[in-house]
$ cat run-v8.cif   # mmCIF, C-alpha atoms, pLDDT in the B column; chains and numbers go by the auth columns
data_entry
loop_
_atom_site.group_PDB
_atom_site.id
_atom_site.type_symbol
_atom_site.label_atom_id
_atom_site.label_comp_id
_atom_site.label_asym_id
_atom_site.label_seq_id
_atom_site.Cartn_x
_atom_site.Cartn_y
_atom_site.Cartn_z
_atom_site.B_iso_or_equiv
_atom_site.auth_seq_id
_atom_site.auth_asym_id
ATOM 1 C CA MET A 1 9.582 13.842 12.284 53.00 44 W
ATOM 2 C CA LEU A 2 10.249 10.223 11.367 56.00 45 W
ATOM 3 C CA ASP A 3 13.547 9.047 9.976 72.00 46 W
ATOM 4 C CA LYS A 4 13.723 6.500 7.125 74.00 47 W
ATOM 5 C CA ALA A 5 13.688 3.535 9.523 76.00 48 W
ATOM 6 C CA GLY A 6 10.654 4.946 11.339 70.00 49 W
ATOM 7 C CA ILE A 7 8.792 5.502 8.087 68.00 50 W
ATOM 8 C CA ALA A 8 9.631 1.964 6.889 72.00 51 W
ATOM 9 C CA ARG A 9 8.416 0.520 10.203 72.00 52 W
ATOM 10 C CA ALA A 10 5.184 2.536 10.036 69.00 53 W
ATOM 11 C CA LEU A 11 4.499 1.384 6.470 69.00 54 W
ATOM 12 C CA ARG A 12 5.092 -2.274 7.464 70.00 55 W
ATOM 13 C CA GLU A 13 2.624 -1.865 10.331 70.00 56 W
ATOM 14 C CA ILE A 14 0.088 -0.259 7.991 69.00 57 W
ATOM 15 C CA GLY A 15 0.530 -3.150 5.536 64.00 58 W
ATOM 16 C CA ALA A 16 -0.230 -5.648 8.303 65.00 59 W
ATOM 17 C CA LEU A 17 -3.239 -3.659 9.451 63.00 60 W
ATOM 18 C CA LEU A 18 -4.528 -3.448 5.897 64.00 61 W
ATOM 19 C CA GLU A 19 -4.295 -7.233 5.566 63.00 62 W
ATOM 20 C CA LEU A 20 -1.429 -7.157 3.095 72.00 63 W
ATOM 21 C CA GLU A 21 0.601 -9.483 5.317 68.00 64 W
ATOM 22 C CA GLY A 22 3.799 -10.640 3.748 74.00 65 W
ATOM 23 C CA GLU A 23 4.041 -7.415 1.739 75.00 66 W
ATOM 24 C CA THR A 24 6.079 -4.342 2.550 76.00 67 W
ATOM 25 C CA VAL A 25 3.999 -1.287 1.719 79.00 68 W
ATOM 26 C CA THR A 26 6.232 1.444 0.324 81.00 69 W
ATOM 27 C CA ASP A 27 3.604 4.033 -0.620 83.00 70 W
ATOM 28 C CA LEU A 28 -0.055 4.782 0.065 84.00 71 W
ATOM 29 C CA ALA A 29 -2.432 7.069 -1.811 86.00 72 W
ATOM 30 C CA TRP A 30 -6.043 7.888 -1.057 85.00 73 W
ATOM 31 C CA LEU A 31 -7.971 9.012 -4.141 86.00 74 W
ATOM 32 C CA GLY A 32 -11.719 9.378 -3.823 85.00 75 W
ATOM 33 C CA PRO A 33 -13.224 6.125 -2.568 86.00 76 W
ATOM 34 C CA PHE A 34 -10.051 4.124 -3.218 88.00 77 W
ATOM 35 C CA LEU A 35 -6.935 3.486 -1.144 84.00 78 W
ATOM 36 C CA TYR A 36 -3.906 2.378 -3.153 88.00 79 W
ATOM 37 C CA ALA A 37 -0.903 0.535 -1.708 86.00 80 W
ATOM 38 C CA VAL A 38 2.374 -0.018 -3.540 84.00 81 W
ATOM 39 C CA THR A 39 4.530 -3.034 -2.704 83.00 82 W
ATOM 40 C CA ALA A 40 7.493 -4.702 -4.376 80.00 83 W
ATOM 41 C CA ASN A 41 4.973 -7.125 -5.920 81.00 84 W
ATOM 42 C CA GLY A 42 2.728 -4.501 -7.455 82.00 85 W
ATOM 43 C CA LEU A 43 -0.054 -2.035 -6.947 87.00 86 W
ATOM 44 C CA PHE A 44 -3.165 -2.912 -4.927 88.00 87 W
ATOM 45 C CA ARG A 45 -6.492 -1.098 -4.516 88.00 88 W
ATOM 46 C CA THR A 46 -9.193 -1.326 -1.865 84.00 89 W
ATOM 47 C CA GLU A 47 -12.576 0.352 -1.656 87.00 90 W
ATOM 48 C CA ASP A 48 -13.634 -1.190 1.672 82.00 91 W
ATOM 49 C CA LEU A 49 -10.983 0.276 3.986 74.00 92 W
ATOM 50 C CA GLY A 50 -8.551 -2.580 3.491 76.00 93 W
ATOM 51 C CA ARG A 51 -10.799 -5.576 4.132 76.00 94 W
ATOM 52 C CA THR A 52 -10.187 -6.799 0.588 81.00 95 W
ATOM 53 C CA TRP A 53 -7.476 -5.850 -1.900 83.00 96 W
ATOM 54 C CA THR A 54 -7.482 -6.051 -5.682 87.00 97 W
ATOM 55 C CA PRO A 55 -4.118 -6.341 -7.432 87.00 98 W
ATOM 56 C CA LEU A 56 -3.985 -3.977 -10.397 88.00 99 W
ATOM 57 C CA LYS A 57 -2.551 -5.550 -13.515 74.00 100 W
ATOM 58 C CA LYS A 58 -1.781 -2.229 -15.189 64.00 101 W
ATOM 59 C CA GLY A 59 0.157 0.476 -13.439 57.00 102 W
ATOM 60 C CA LEU A 60 3.696 0.840 -12.208 56.00 103 W
ATOM 61 C CA ALA A 61 6.222 -1.058 -14.276 61.00 104 W
ATOM 62 C CA ALA A 62 8.867 -0.886 -11.542 60.00 105 W
ATOM 63 C CA PRO A 63 9.088 0.185 -7.944 60.00 106 W
ATOM 64 C CA PRO A 64 9.654 3.910 -7.497 60.00 107 W
ATOM 65 C CA THR A 65 13.265 5.046 -7.260 64.00 108 W
ATOM 66 C CA ARG A 66 14.035 7.171 -4.230 64.00 109 W
#

$ encode --input "run-v8.cif" --output "structure tokens"
Amino acid sequence: MLDKAGIARALREIGALLELEGETVTDLAWLGPFLYAVTANGLFRTEDLGRTWTPLKKGLAAPPTR
């Protein structure tokens, strides 16, 4: 089981792999053909396995509180 630091590190690595460099990915969700990534700068969606990302203008108003 990962601790908080391990999870944060894994999400940063996933963000880099998904070509969201410069962003810290805090959450991921896979729904149907779409993968969603949440960062401090917003919500992004990809339908081509992370090759391109579309920022979503509507969605979360603030980062999730943990």

$ resolve_selection --input "run-v8.cif" --expression "the PyMOL selection byres ((chain W and resi 68) around 7)" --output "list in words"
Leu54, Arg55, Gly58, Glu66, Thr67, Thr69, Asp70, Ala80, Val81 and Thr82 of chain W

$ atom_distance --input "run-v8.cif" --atom1 "CA of Gly75 (chain W)" --atom2 "CA of Asp91 (chain W)"
12.1 Å

$ atom_distance --input "run-v8.cif" --atom1 "CA of Thr89 (chain W)" --atom2 "CA of Lys47 (chain W)"
25.8 Å

$ atom_distance --input "run-v8.cif" --atom1 "CA of Ala48 (chain W)" --atom2 "CA of Gly65 (chain W)"
18.2 Å

$ residues_around --input "run-v8.cif" --residues "Tyr79 (chain W)" --least-positions-apart "5" --cutoff "9 Å" --atoms "all atoms listed in the file" --output "CSV table (one decimal) with C-alpha atoms, keeping the file's coordinate frame"
chain,number,residue,atom,x,y,z
W,70,ASP,CA,3.6,4.0,-0.6
W,71,LEU,CA,-0.1,4.8,0.1
W,72,ALA,CA,-2.4,7.1,-1.8
W,73,TRP,CA,-6.0,7.9,-1.1
W,74,LEU,CA,-8.0,9.0,-4.1
W,86,LEU,CA,-0.1,-2.0,-6.9
W,87,PHE,CA,-3.2,-2.9,-4.9
W,88,ARG,CA,-6.5,-1.1,-4.5
W,89,THR,CA,-9.2,-1.3,-1.9

$ axis_aligned_box --input "run-v8.cif" --around "region 86-100 of chain W" --padding-each-side "5 Å" --output "JSON"
{"center_x": -6.8, "center_y": -3.2, "center_z": -4.7, "size_x": 23.6, "size_y": 17.2, "size_z": 27.6}
